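Enquirer: The structure under discussion is supplied below as structure tokens; questions concerning it will follow.
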Amino acid sequence: MECLYLLIIVGPDSRPGSLRLSGSSIVMEVSVSHKLLLFNLEFFLLLLLYHSFGYICALRYCVMWVLQSPQIVRQVPLQSHLCYTCHASSRLPASFVSLNPSAKPVKGDGANNQLIQSLCRGGDLKQAIQVLGNEPNPSQQTCELLIYYCAQKNSLSDGIDVHRQLVDGGLDQDPFLATKLINMYYELGSVDHACKVFDETRERTVYVWNALFRALAMVGRGKELLDLYGQMNSTGVSSDRFTYTYALKACVVSELSVCPLRKGMEIHAHILRHGYEANIHVMTTLLDVYAKFGRVSYANSVFSGMPVKNFVSWSAMIACYAKNEMPMKALELFWQMMLEARESVPNSVTMVNVVQACGALAALELGKLIHAYILRRGLDSILPVRSALITMYGRCGEIELGQRVFDNMNNRDVVSWNSLISIYGMHGFGKKAIQIFENMIHQGISPSYISFITVLGACSHAGLVEEGKFLFKSMHSRYRVHPGMEHYACMVDLLGRANRLDEAMKVIQDMRSEPGPTVWGSLLGSCRIHCNVELAETASTMLFELEPNNAGNYVLLADIYAEAKMWSHVKSVKKLLESRDLQKIPGCSWIVIKRKIYSFVSVDENSIEIEALRALLIKLLTEMKEQQGYVPLTNIVHYDLGEEEKERILLGHSEKLAVAFGLINTEKGEIIRITKNLRLCEDCHTVTKFISKFANREILVRDVNRFHRFRDGVCSCGDYW
DNA sequence: GTAGGGTTAG
């Protein structure tokens, strides 16, 4: 029987007293296929007795009995064992060798392999490394184990020691061990060390390359990865399915000088050429790359071309739609998955994306249905799902429901807190958001990079300038979070909105890194609110250079010129927009009634339905003119048109049409919930305030930035947005 | 021996 060759015995010099006792049992290690056995004390003493009397046959019988008796022998978890003595032998009587922890290592010929392994498993890594130093011929298995334990123990210094010893013994040139070393250094958080191992490895198998690629991809060093990928191709080592996934990932994480999307397409071509177009991992990664670059149609063609799909590929495609402002498509695909791909059961990742899509659409009823499904599937205990639900309820205008999800959580991470902070922020409850932020810290959770974006954003929506400045100052000094581009953008927004444009400009000037488009965008947005032409020109000059294809920036500048009645400037900005072949994003508002979505676009349409809505609006606005002396804000229409025509354009704004539609198609007393893809226009804001009072209706509008709750002629934003 | 999709902001 195989077990006999793995007999474990204590040498003649070991006394039972030197064993570690635990209750009535002695724990010792037996290396039978790496399983550990727990010996009963009496039985152990019996073994010892047989041994000391030389009754080898009896001993043999005993061991066999032990290994076959589940009552006596039972497996114990690796961590709980106490390592003691171990030796394997085929020649039983002659090899009763004692290897207790105090035993002296034997010099040379690989005799210490077992001892090193034993010490590793017993948790004495330092001593294992020391024994390795005295062992000129350690086996590959022993070295691998040592490397493994260095990573396990999260000890970089031990890892470096082992590495040094392998270099001394020339073993670092073994491609297998080099791979393990690279992986170890990656897991220990030192990719630089991993690179060094790679540089020093002469024989680079595909495993060696892949190990380094994995490390580089995971820490976002995509540019280096792709350079090396090029080198690999020229050295004649063939890529495998892992190489392709890492190279693809690199395109997403790299800050390449060349177009990363093109690089991705190039790798796509390699994949096809080498026949990996049916590999589910490679193709799912490729799909994700296209998704991250916003190439929805490419992603979709990869997806539909996949011969085999599983729930990951379905989820990746759903995520692609959810993240690229196509939430309807995301939901449609989800239904399709449920109906067509019965073997692909959605998991928590799928549901996170579906919940996100519901939030984007502000589809509250659908969101509740999805929430019910999540509960039924038992996926609600998963943190990202909960966080997504909190945000979804918030984005549907239901802070209380979001708060309830949060309150029912047993454990919360920083993301759950951030989600809660953000929903209060987007509803304009700045003080409450700060209070939650402070609560979080009080509970011992350190604020993250994003915590500060959310809380600063909340201050900005609520006009809490001093509070925001205080938080911004404290983020680095107190919480050691280094302010990034987004935080500067928040500060510029906070100060700019509050008409402290000089201070906002000073924040930009004090930045250590080059201000990016988000920062200038915030400034331009503030210039729009406060009609500052001069600063707007500075900001837009930068923006046109940094993101020449963002039509929104041109439109903002044109708006500012129009407000200042600088019509020739308006014209030239529009020409610039046209010359760059860009189009203004049309305003779109929608309303969900009985789980159906009705959307309206601000274009001049003459359908009968729209005419009915216009008629209602004209009636309301006439009333408003009489009661409140309302004057349409025609100056925000920057077409060179007559007043009457401008008024007609204003009347056709998508949010007004949606409000009118809501008035007609919902019950009295029901809240009208509208969502808009852009910022709410000033005229619509004024009109909606009036309608809320005149029609005695609560109207909840979510625009691209925040919520407006109109009640009795007043908006929750306090006209500050 | 290594692998694919995820939560929070503006």
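Residues are named by chain letter and number: chains run A, B, ... in the order of the structure tokens, numbers start at 1 in each chain, and ligands are numbered from 1 in the order shown.
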So that I can check the surroundings of DA9 of chain B, please list as an MDAnalysis selection string every protein, DNA and RNA residue that reaches within 8 Å of it, counting only C-alpha atoms (C1' of nucleotides) and ignoring chain neighbours fewer than 2 positions away.

Expert: chainID A and resid 422 450 453:454 457

Enquirer: Keeping only all heavy atoms, write those residues as a CSV table (one decimal), in the first residue's frame.

Expert:
chain,number,residue,atom,x,y,z
A,422,SER,N,-23.7,60.3,-2.1
A,422,SER,CA,-24.0,60.9,-3.4
A,422,SER,C,-25.5,61.1,-3.6
A,422,SER,O,-25.8,62.1,-4.2
A,422,SER,CB,-23.4,59.9,-4.5
A,422,SER,OG,-24.3,58.9,-4.8
A,450,ILE,N,-12.9,58.7,-4.0
A,450,ILE,CA,-14.3,59.0,-4.5
A,450,ILE,C,-15.1,59.6,-3.4
A,450,ILE,O,-16.0,60.5,-3.7
A,450,ILE,CB,-14.9,57.8,-5.2
A,450,ILE,CG1,-14.1,57.5,-6.5
A,450,ILE,CG2,-16.4,58.0,-5.5
A,450,ILE,CD1,-14.5,56.4,-7.3
A,453,ILE,N,-14.9,63.2,-3.9
A,453,ILE,CA,-15.6,63.7,-5.0
A,453,ILE,C,-17.1,63.8,-4.7
A,453,ILE,O,-17.7,64.9,-5.0
A,453,ILE,CB,-15.4,62.8,-6.3
A,453,ILE,CG1,-13.9,62.6,-6.6
A,453,ILE,CG2,-16.2,63.3,-7.5
A,453,ILE,CD1,-13.7,61.7,-7.7
A,454,THR,N,-17.6,62.8,-4.0
A,454,THR,CA,-19.1,62.9,-3.8
A,454,THR,C,-19.4,64.0,-2.8
A,454,THR,O,-20.3,64.7,-3.0
A,454,THR,CB,-19.6,61.5,-3.2
A,454,THR,OG1,-18.8,61.2,-2.1
A,454,THR,CG2,-19.6,60.5,-4.2
A,457,GLY,N,-18.9,67.4,-4.3
A,457,GLY,CA,-20.0,67.6,-5.3
A,457,GLY,C,-21.3,68.0,-4.5
A,457,GLY,O,-22.0,68.9,-5.0

Enquirer: Identify all chain A residues at most 7 Å from chain B by counting only C-alpha atoms (C1' of nucleotides); ligands do not count. Present them as a PyMOL selection string.

Expert: chain A and resi 210-211+242+281-282+284-285+312-313+315-316+349+352+384-385+387-388+415+418-419+450+453-454

Enquirer: Between A:Trp567, A:Trp314, A:Phe707, A:Tyr290, which has the minimum distance to Ala458 of chain A (counting only C-alpha atoms)?

Expert: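 Residue with the minimum atom-to-atom distance to Ala458 of chain A: A:Phe707.
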
Enquirer: Could you please write out, as a PDB file with N, CA and C atoms, in the first residue's frame, every residue of segment 168-253 of chain A that DSSP assigns to helix (DSSP H, G or I)?

Expert:
ATOM      1  N   ASP A 168      21.934  32.913  -6.350  1.00  0.00           N
ATOM      2  CA  ASP A 168      23.223  32.326  -5.957  1.00  0.00           C
ATOM      3  C   ASP A 168      23.362  30.907  -6.481  1.00  0.00           C
ATOM      4  N   LEU A 171      19.402  29.061  -9.801  1.00  0.00           N
ATOM      5  CA  LEU A 171      18.074  28.487 -10.028  1.00  0.00           C
ATOM      6  C   LEU A 171      17.079  29.491 -10.583  1.00  0.00           C
ATOM      7  N   ASP A 172      17.440  30.784 -10.497  1.00  0.00           N
ATOM      8  CA  ASP A 172      16.517  31.790 -11.005  1.00  0.00           C
ATOM      9  C   ASP A 172      16.382  31.700 -12.516  1.00  0.00           C
ATOM     10  N   GLN A 173      17.283  30.974 -13.151  1.00  0.00           N
ATOM     11  CA  GLN A 173      17.208  30.844 -14.601  1.00  0.00           C
ATOM     12  C   GLN A 173      16.225  29.767 -15.042  1.00  0.00           C
ATOM     13  N   PRO A 175      12.943  28.678 -16.000  1.00  0.00           N
ATOM     14  CA  PRO A 175      11.796  29.494 -16.406  1.00  0.00           C
ATOM     15  C   PRO A 175      10.571  29.280 -15.511  1.00  0.00           C
ATOM     16  N   PHE A 176      10.432  28.062 -15.024  1.00  0.00           N
ATOM     17  CA  PHE A 176       9.300  27.782 -14.136  1.00  0.00           C
ATOM     18  C   PHE A 176       9.407  28.625 -12.868  1.00  0.00           C
ATOM     19  N   LEU A 177      10.603  28.613 -12.269  1.00  0.00           N
ATOM     20  CA  LEU A 177      10.789  29.371 -11.031  1.00  0.00           C
ATOM     21  C   LEU A 177      10.780  30.877 -11.289  1.00  0.00           C
ATOM     22  N   ALA A 178      11.283  31.268 -12.444  1.00  0.00           N
ATOM     23  CA  ALA A 178      11.256  32.693 -12.777  1.00  0.00           C
ATOM     24  C   ALA A 178       9.802  33.175 -12.858  1.00  0.00           C
ATOM     25  N   THR A 179       8.958  32.342 -13.458  1.00  0.00           N
ATOM     26  CA  THR A 179       7.532  32.679 -13.534  1.00  0.00           C
ATOM     27  C   THR A 179       6.959  32.853 -12.136  1.00  0.00           C
ATOM     28  N   LYS A 180       7.314  31.882 -11.288  1.00  0.00           N
ATOM     29  CA  LYS A 180       6.793  31.939  -9.909  1.00  0.00           C
ATOM     30  C   LYS A 180       7.292  33.192  -9.194  1.00  0.00           C
ATOM     31  N   LEU A 181       8.552  33.546  -9.430  1.00  0.00           N
ATOM     32  CA  LEU A 181       9.109  34.741  -8.777  1.00  0.00           C
ATOM     33  C   LEU A 181       8.382  36.003  -9.243  1.00  0.00           C
ATOM     34  N   ILE A 182       8.126  36.067 -10.545  1.00  0.00           N
ATOM     35  CA  ILE A 182       7.420  37.241 -11.073  1.00  0.00           C
ATOM     36  C   ILE A 182       6.035  37.342 -10.436  1.00  0.00           C
ATOM     37  N   ASN A 183       5.346  36.213 -10.389  1.00  0.00           N
ATOM     38  CA  ASN A 183       4.022  36.214  -9.761  1.00  0.00           C
ATOM     39  C   ASN A 183       4.107  36.610  -8.298  1.00  0.00           C
ATOM     40  N   MET A 184       5.138  36.092  -7.635  1.00  0.00           N
ATOM     41  CA  MET A 184       5.306  36.410  -6.210  1.00  0.00           C
ATOM     42  C   MET A 184       5.492  37.914  -6.020  1.00  0.00           C
ATOM     43  N   TYR A 185       6.373  38.509  -6.805  1.00  0.00           N
ATOM     44  CA  TYR A 185       6.628  39.944  -6.646  1.00  0.00           C
ATOM     45  C   TYR A 185       5.375  40.754  -6.967  1.00  0.00           C
ATOM     46  N   TYR A 186       4.618  40.311  -7.967  1.00  0.00           N
ATOM     47  CA  TYR A 186       3.380  41.018  -8.277  1.00  0.00           C
ATOM     48  C   TYR A 186       2.443  40.957  -7.063  1.00  0.00           C
ATOM     49  N   GLU A 187       2.313  39.738  -6.503  1.00  0.00           N
ATOM     50  CA  GLU A 187       1.401  39.607  -5.366  1.00  0.00           C
ATOM     51  C   GLU A 187       1.895  40.383  -4.147  1.00  0.00           C
ATOM     52  N   VAL A 191       5.941  45.430  -8.625  1.00  0.00           N
ATOM     53  CA  VAL A 191       6.053  45.079 -10.032  1.00  0.00           C
ATOM     54  C   VAL A 191       7.468  45.383 -10.546  1.00  0.00           C
ATOM     55  N   ASP A 192       8.129  46.357  -9.909  1.00  0.00           N
ATOM     56  CA  ASP A 192       9.499  46.661 -10.339  1.00  0.00           C
ATOM     57  C   ASP A 192      10.416  45.471 -10.137  1.00  0.00           C
ATOM     58  N   HIS A 193      10.268  44.798  -9.002  1.00  0.00           N
ATOM     59  CA  HIS A 193      11.057  43.583  -8.777  1.00  0.00           C
ATOM     60  C   HIS A 193      10.714  42.519  -9.813  1.00  0.00           C
ATOM     61  N   ALA A 194       9.413  42.433 -10.122  1.00  0.00           N
ATOM     62  CA  ALA A 194       8.980  41.440 -11.125  1.00  0.00           C
ATOM     63  C   ALA A 194       9.670  41.722 -12.460  1.00  0.00           C
ATOM     64  N   CYS A 195       9.745  43.011 -12.802  1.00  0.00           N
ATOM     65  CA  CYS A 195      10.405  43.381 -14.068  1.00  0.00           C
ATOM     66  C   CYS A 195      11.870  42.979 -14.057  1.00  0.00           C
ATOM     67  N   LYS A 196      12.475  43.146 -12.883  1.00  0.00           N
ATOM     68  CA  LYS A 196      13.896  42.821 -12.766  1.00  0.00           C
ATOM     69  C   LYS A 196      14.114  41.318 -12.993  1.00  0.00           C
ATOM     70  N   VAL A 197      13.267  40.511 -12.394  1.00  0.00           N
ATOM     71  CA  VAL A 197      13.375  39.064 -12.600  1.00  0.00           C
ATOM     72  C   VAL A 197      13.259  38.757 -14.085  1.00  0.00           C
ATOM     73  N   PHE A 198      12.269  39.387 -14.709  1.00  0.00           N
ATOM     74  CA  PHE A 198      12.044  39.151 -16.143  1.00  0.00           C
ATOM     75  C   PHE A 198      13.291  39.518 -16.950  1.00  0.00           C
ATOM     76  N   ASP A 199      13.855  40.707 -16.633  1.00  0.00           N
ATOM     77  CA  ASP A 199      15.038  41.170 -17.374  1.00  0.00           C
ATOM     78  C   ASP A 199      16.187  40.171 -17.262  1.00  0.00           C
ATOM     79  N   GLU A 200      16.283  39.550 -16.091  1.00  0.00           N
ATOM     80  CA  GLU A 200      17.423  38.668 -15.857  1.00  0.00           C
ATOM     81  C   GLU A 200      17.184  37.241 -16.308  1.00  0.00           C
ATOM     82  N   VAL A 206       6.569  31.318 -22.780  1.00  0.00           N
ATOM     83  CA  VAL A 206       5.336  32.105 -22.828  1.00  0.00           C
ATOM     84  C   VAL A 206       4.808  32.339 -21.404  1.00  0.00           C
ATOM     85  N   TYR A 207       5.100  31.407 -20.501  1.00  0.00           N
ATOM     86  CA  TYR A 207       4.670  31.591 -19.104  1.00  0.00           C
ATOM     87  C   TYR A 207       5.374  32.777 -18.458  1.00  0.00           C
ATOM     88  N   VAL A 208       6.654  32.898 -18.757  1.00  0.00           N
ATOM     89  CA  VAL A 208       7.422  34.011 -18.200  1.00  0.00           C
ATOM     90  C   VAL A 208       6.846  35.335 -18.714  1.00  0.00           C
ATOM     91  N   TRP A 209       6.632  35.410 -20.011  1.00  0.00           N
ATOM     92  CA  TRP A 209       6.058  36.631 -20.600  1.00  0.00           C
ATOM     93  C   TRP A 209       4.690  36.924 -19.971  1.00  0.00           C
ATOM     94  N   ASN A 210       3.854  35.886 -19.923  1.00  0.00           N
ATOM     95  CA  ASN A 210       2.496  36.101 -19.420  1.00  0.00           C
ATOM     96  C   ASN A 210       2.488  36.576 -17.970  1.00  0.00           C
ATOM     97  N   ALA A 211       3.397  36.020 -17.177  1.00  0.00           N
ATOM     98  CA  ALA A 211       3.440  36.414 -15.762  1.00  0.00           C
ATOM     99  C   ALA A 211       3.722  37.905 -15.646  1.00  0.00           C
ATOM    100  N   LEU A 212       4.679  38.381 -16.460  1.00  0.00           N
ATOM    101  CA  LEU A 212       5.006  39.805 -16.406  1.00  0.00           C
ATOM    102  C   LEU A 212       3.848  40.639 -16.944  1.00  0.00           C
ATOM    103  N   PHE A 213       3.245  40.163 -18.032  1.00  0.00           N
ATOM    104  CA  PHE A 213       2.110  40.887 -18.615  1.00  0.00           C
ATOM    105  C   PHE A 213       0.984  41.020 -17.595  1.00  0.00           C
ATOM    106  N   ARG A 214       0.745  39.941 -16.890  1.00  0.00           N
ATOM    107  CA  ARG A 214      -0.328  39.975 -15.889  1.00  0.00           C
ATOM    108  C   ARG A 214      -0.052  41.085 -14.875  1.00  0.00           C
ATOM    109  N   ALA A 215       1.202  41.091 -14.374  1.00  0.00           N
ATOM    110  CA  ALA A 215       1.565  42.089 -13.367  1.00  0.00           C
ATOM    111  C   ALA A 215       1.401  43.504 -13.913  1.00  0.00           C
ATOM    112  N   LEU A 216       1.884  43.725 -15.132  1.00  0.00           N
ATOM    113  CA  LEU A 216       1.818  45.070 -15.709  1.00  0.00           C
ATOM    114  C   LEU A 216       0.379  45.491 -15.986  1.00  0.00           C
ATOM    115  N   ALA A 217      -0.410  44.536 -16.477  1.00  0.00           N
ATOM    116  CA  ALA A 217      -1.803  44.861 -16.808  1.00  0.00           C
ATOM    117  C   ALA A 217      -2.568  45.256 -15.549  1.00  0.00           C
ATOM    118  N   MET A 218      -2.316  44.516 -14.478  1.00  0.00           N
ATOM    119  CA  MET A 218      -3.092  44.739 -13.264  1.00  0.00           C
ATOM    120  C   MET A 218      -2.775  46.069 -12.600  1.00  0.00           C
ATOM    121  N   GLY A 222       0.105  49.732 -18.978  1.00  0.00           N
ATOM    122  CA  GLY A 222      -0.242  49.184 -20.276  1.00  0.00           C
ATOM    123  C   GLY A 222       0.762  49.510 -21.369  1.00  0.00           C
ATOM    124  N   LYS A 223       1.346  50.701 -21.276  1.00  0.00           N
ATOM    125  CA  LYS A 223       2.251  51.105 -22.350  1.00  0.00           C
ATOM    126  C   LYS A 223       3.462  50.176 -22.398  1.00  0.00           C
ATOM    127  N   GLU A 224       4.042  49.931 -21.216  1.00  0.00           N
ATOM    128  CA  GLU A 224       5.194  49.023 -21.157  1.00  0.00           C
ATOM    129  C   GLU A 224       4.814  47.641 -21.658  1.00  0.00           C
ATOM    130  N   LEU A 225       3.605  47.214 -21.245  1.00  0.00           N
ATOM    131  CA  LEU A 225       3.158  45.885 -21.638  1.00  0.00           C
ATOM    132  C   LEU A 225       3.118  45.764 -23.156  1.00  0.00           C
ATOM    133  N   LEU A 226       2.527  46.783 -23.778  1.00  0.00           N
ATOM    134  CA  LEU A 226       2.375  46.682 -25.227  1.00  0.00           C
ATOM    135  C   LEU A 226       3.724  46.760 -25.945  1.00  0.00           C
ATOM    136  N   ASP A 227       4.654  47.543 -25.383  1.00  0.00           N
ATOM    137  CA  ASP A 227       6.000  47.570 -25.963  1.00  0.00           C
ATOM    138  C   ASP A 227       6.616  46.180 -25.905  1.00  0.00           C
ATOM    139  N   LEU A 228       6.478  45.550 -24.723  1.00  0.00           N
ATOM    140  CA  LEU A 228       7.043  44.222 -24.554  1.00  0.00           C
ATOM    141  C   LEU A 228       6.330  43.188 -25.420  1.00  0.00           C
ATOM    142  N   TYR A 229       5.029  43.401 -25.600  1.00  0.00           N
ATOM    143  CA  TYR A 229       4.264  42.488 -26.453  1.00  0.00           C
ATOM    144  C   TYR A 229       4.848  42.513 -27.868  1.00  0.00           C
ATOM    145  N   GLY A 230       5.208  43.717 -28.305  1.00  0.00           N
ATOM    146  CA  GLY A 230       5.857  43.849 -29.610  1.00  0.00           C
ATOM    147  C   GLY A 230       7.177  43.085 -29.640  1.00  0.00           C
ATOM    148  N   GLN A 231       7.947  43.247 -28.574  1.00  0.00           N
ATOM    149  CA  GLN A 231       9.236  42.535 -28.479  1.00  0.00           C
ATOM    150  C   GLN A 231       9.036  41.031 -28.518  1.00  0.00           C
ATOM    151  N   MET A 232       8.029  40.564 -27.796  1.00  0.00           N
ATOM    152  CA  MET A 232       7.756  39.136 -27.732  1.00  0.00           C
ATOM    153  C   MET A 232       7.461  38.595 -29.129  1.00  0.00           C
ATOM    154  N   ASN A 233       6.640  39.351 -29.869  1.00  0.00           N
ATOM    155  CA  ASN A 233       6.307  38.912 -31.216  1.00  0.00           C
ATOM    156  C   ASN A 233       7.550  38.799 -32.091  1.00  0.00           C
ATOM    157  N   SER A 234       8.516  39.721 -31.854  1.00  0.00           N
ATOM    158  CA  SER A 234       9.689  39.667 -32.725  1.00  0.00           C
ATOM    159  C   SER A 234      10.699  38.614 -32.273  1.00  0.00           C
ATOM    160  N   THR A 235      10.549  38.082 -31.052  1.00  0.00           N
ATOM    161  CA  THR A 235      11.502  37.042 -30.635  1.00  0.00           C
ATOM    162  C   THR A 235      11.034  35.643 -31.002  1.00  0.00           C
ATOM    163  N   ARG A 241      -3.609  32.178 -25.340  1.00  0.00           N
ATOM    164  CA  ARG A 241      -4.860  32.867 -25.005  1.00  0.00           C
ATOM    165  C   ARG A 241      -4.690  33.842 -23.851  1.00  0.00           C
ATOM    166  N   PHE A 242      -3.745  33.545 -22.970  1.00  0.00           N
ATOM    167  CA  PHE A 242      -3.511  34.452 -21.840  1.00  0.00           C
ATOM    168  C   PHE A 242      -2.825  35.722 -22.312  1.00  0.00           C
ATOM    169  N   THR A 243      -1.828  35.548 -23.192  1.00  0.00           N
ATOM    170  CA  THR A 243      -1.119  36.713 -23.723  1.00  0.00           C
ATOM    171  C   THR A 243      -2.108  37.696 -24.338  1.00  0.00           C
ATOM    172  N   TYR A 244      -3.041  37.164 -25.131  1.00  0.00           N
ATOM    173  CA  TYR A 244      -3.986  38.058 -25.800  1.00  0.00           C
ATOM    174  C   TYR A 244      -4.873  38.812 -24.810  1.00  0.00           C
ATOM    175  N   THR A 245      -5.316  38.096 -23.777  1.00  0.00           N
ATOM    176  CA  THR A 245      -6.192  38.812 -22.828  1.00  0.00           C
ATOM    177  C   THR A 245      -5.424  39.929 -22.121  1.00  0.00           C
ATOM    178  N   TYR A 246      -4.181  39.662 -21.768  1.00  0.00           N
ATOM    179  CA  TYR A 246      -3.414  40.712 -21.079  1.00  0.00           C
ATOM    180  C   TYR A 246      -3.112  41.873 -22.014  1.00  0.00           C
ATOM    181  N   ALA A 247      -2.749  41.540 -23.256  1.00  0.00           N
ATOM    182  CA  ALA A 247      -2.424  42.613 -24.210  1.00  0.00           C
ATOM    183  C   ALA A 247      -3.661  43.466 -24.466  1.00  0.00           C
ATOM    184  N   LEU A 248      -4.812  42.826 -24.528  1.00  0.00           N
ATOM    185  CA  LEU A 248      -6.053  43.583 -24.742  1.00  0.00           C
ATOM    186  C   LEU A 248      -6.350  44.490 -23.552  1.00  0.00           C
ATOM    187  N   LYS A 249      -6.181  43.929 -22.366  1.00  0.00           N
ATOM    188  CA  LYS A 249      -6.418  44.714 -21.145  1.00  0.00           C
ATOM    189  C   LYS A 249      -5.520  45.951 -21.127  1.00  0.00           C
ATOM    190  N   ALA A 250      -4.291  45.763 -21.631  1.00  0.00           N
ATOM    191  CA  ALA A 250      -3.325  46.860 -21.622  1.00  0.00           C
ATOM    192  C   ALA A 250      -3.828  48.053 -22.416  1.00  0.00           C
ATOM    193  N   CYS A 251      -4.576  47.784 -23.484  1.00  0.00           N
ATOM    194  CA  CYS A 251      -5.069  48.895 -24.308  1.00  0.00           C
ATOM    195  C   CYS A 251      -5.977  49.792 -23.483  1.00  0.00           C
ATOM    196  N   VAL A 252      -6.742  49.196 -22.584  1.00  0.00           N
ATOM    197  CA  VAL A 252      -7.692  49.979 -21.793  1.00  0.00           C
ATOM    198  C   VAL A 252      -6.981  50.783 -20.719  1.00  0.00           C
ATOM    199  N   VAL A 253      -5.942  50.196 -20.128  1.00  0.00           N
ATOM    200  CA  VAL A 253      -5.318  50.857 -18.988  1.00  0.00           C
ATOM    201  C   VAL A 253      -4.148  51.759 -19.361  1.00  0.00           C
TER     202      VAL A 253
END

Enquirer: Measure the distance from atom CA of Glu277 of chain A to atom CA of Leu331 of chain A in Å and round it to one decimal.

Expert: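 Taking atom CA of Glu277 of chain A and atom CA of Leu331 of chain A, their separation equals 26.9 Å.
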
Enquirer: Would you mind reading off the distance between atom CA of Leu616 of chain A and atom CA of Lys594 of chain A, one decimal, in Å?

Expert: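 Answer for the atom CA of Leu616 of chain A to atom CA of Lys594 of chain A separation: 22.0 Å.
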
Enquirer: Quick one: residues within 7 Å of segment 553-564 of chain A, only C-alpha atoms (C1' of nucleotides), excluding same-chain residues fewer than 6 positions away - as a list in words?

Expert: Arg528, Cys531, Val533, Ala536, Ser540, Val570, Val573, Leu577, Lys584, Asn635, Ile636 and His638 of chain A

Enquirer: For N, CA and C atoms, I'd like the residues from the last selection saved as a PDB file, in the first residue's frame.

Expert:
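Output below, filename result01.pdb:
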ATOM      1  N   ARG A 528     -21.036  80.153 -17.797  1.00  0.00           N
ATOM      2  CA  ARG A 528     -22.363  80.155 -18.419  1.00  0.00           C
ATOM      3  C   ARG A 528     -23.398  80.691 -17.411  1.00  0.00           C
ATOM      4  N   CYS A 531     -22.394  84.383 -16.749  1.00  0.00           N
ATOM      5  CA  CYS A 531     -22.190  85.160 -17.962  1.00  0.00           C
ATOM      6  C   CYS A 531     -20.853  85.914 -17.978  1.00  0.00           C
ATOM      7  N   VAL A 533     -17.832  86.375 -20.067  1.00  0.00           N
ATOM      8  CA  VAL A 533     -17.337  86.088 -21.413  1.00  0.00           C
ATOM      9  C   VAL A 533     -15.824  85.882 -21.439  1.00  0.00           C
ATOM     10  N   ALA A 536     -14.724  82.628 -19.976  1.00  0.00           N
ATOM     11  CA  ALA A 536     -15.269  81.561 -20.832  1.00  0.00           C
ATOM     12  C   ALA A 536     -14.367  81.357 -22.037  1.00  0.00           C
ATOM     13  N   SER A 540     -12.613  77.925 -22.884  1.00  0.00           N
ATOM     14  CA  SER A 540     -12.960  77.200 -24.108  1.00  0.00           C
ATOM     15  C   SER A 540     -11.752  77.034 -25.022  1.00  0.00           C
ATOM     16  N   VAL A 570     -21.420  84.258 -31.762  1.00  0.00           N
ATOM     17  CA  VAL A 570     -22.247  83.042 -31.751  1.00  0.00           C
ATOM     18  C   VAL A 570     -22.094  82.331 -33.090  1.00  0.00           C
ATOM     19  N   VAL A 573     -18.710  80.567 -33.589  1.00  0.00           N
ATOM     20  CA  VAL A 573     -18.573  79.316 -32.820  1.00  0.00           C
ATOM     21  C   VAL A 573     -19.366  78.212 -33.506  1.00  0.00           C
ATOM     22  N   LEU A 577     -18.072  74.658 -35.034  1.00  0.00           N
ATOM     23  CA  LEU A 577     -18.703  73.388 -34.698  1.00  0.00           C
ATOM     24  C   LEU A 577     -18.998  72.580 -35.964  1.00  0.00           C
ATOM     25  N   LYS A 584     -24.660  69.321 -32.194  1.00  0.00           N
ATOM     26  CA  LYS A 584     -25.161  69.601 -30.854  1.00  0.00           C
ATOM     27  C   LYS A 584     -25.990  68.396 -30.400  1.00  0.00           C
ATOM     28  N   ASN A 635     -33.866  85.255 -24.728  1.00  0.00           N
ATOM     29  CA  ASN A 635     -32.438  85.516 -25.010  1.00  0.00           C
ATOM     30  C   ASN A 635     -31.586  84.251 -24.933  1.00  0.00           C
ATOM     31  N   ILE A 636     -32.121  83.178 -24.337  1.00  0.00           N
ATOM     32  CA  ILE A 636     -31.318  81.954 -24.310  1.00  0.00           C
ATOM     33  C   ILE A 636     -31.417  81.171 -25.621  1.00  0.00           C
ATOM     34  N   HIS A 638     -30.363  81.102 -29.128  1.00  0.00           N
ATOM     35  CA  HIS A 638     -29.410  81.899 -29.910  1.00  0.00           C
ATOM     36  C   HIS A 638     -29.509  81.660 -31.411  1.00  0.00           C
TER      37      HIS A 638
END

Enquirer: Between atom CA of Asn112 of chain A and atom CA of Asn137 of chain A, what is the distance in Å, rounded to a tenth?

Expert: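 Spanning atom CA of Asn112 of chain A to atom CA of Asn137 of chain A is a straight-line distance of 8.8 Å.
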
Enquirer: Excluding same-chain residues fewer than 5 positions from Asn154 of chain A, what lies within 9 Å of it counting only C-alpha atoms (C1' of nucleotides), as an MDAnalysis selection string?

Expert: chainID A and resid 149 159 187:188

Enquirer: For the residues selected in the previous step, produce a file with N, CA, C and O atoms as a tab-separated table (two decimals), in the first residue's frame.

Expert:
chain	number	residue	atom	x	y	z
A	149	TYR	N	5.05	30.56	-0.09
A	149	TYR	CA	4.83	31.01	1.29
A	149	TYR	C	5.24	32.47	1.51
A	149	TYR	O	4.67	33.15	2.34
A	159	GLY	N	10.73	37.35	0.47
A	159	GLY	CA	10.71	37.06	-0.96
A	159	GLY	C	12.04	37.42	-1.60
A	159	GLY	O	12.58	36.65	-2.41
A	187	GLU	N	2.31	39.74	-6.50
A	187	GLU	CA	1.40	39.61	-5.37
A	187	GLU	C	1.90	40.38	-4.15
A	187	GLU	O	1.10	40.81	-3.31
A	188	LEU	N	3.20	40.58	-4.06
A	188	LEU	CA	3.75	41.35	-2.95
A	188	LEU	C	3.74	42.85	-3.25
A	188	LEU	O	4.26	43.64	-2.47
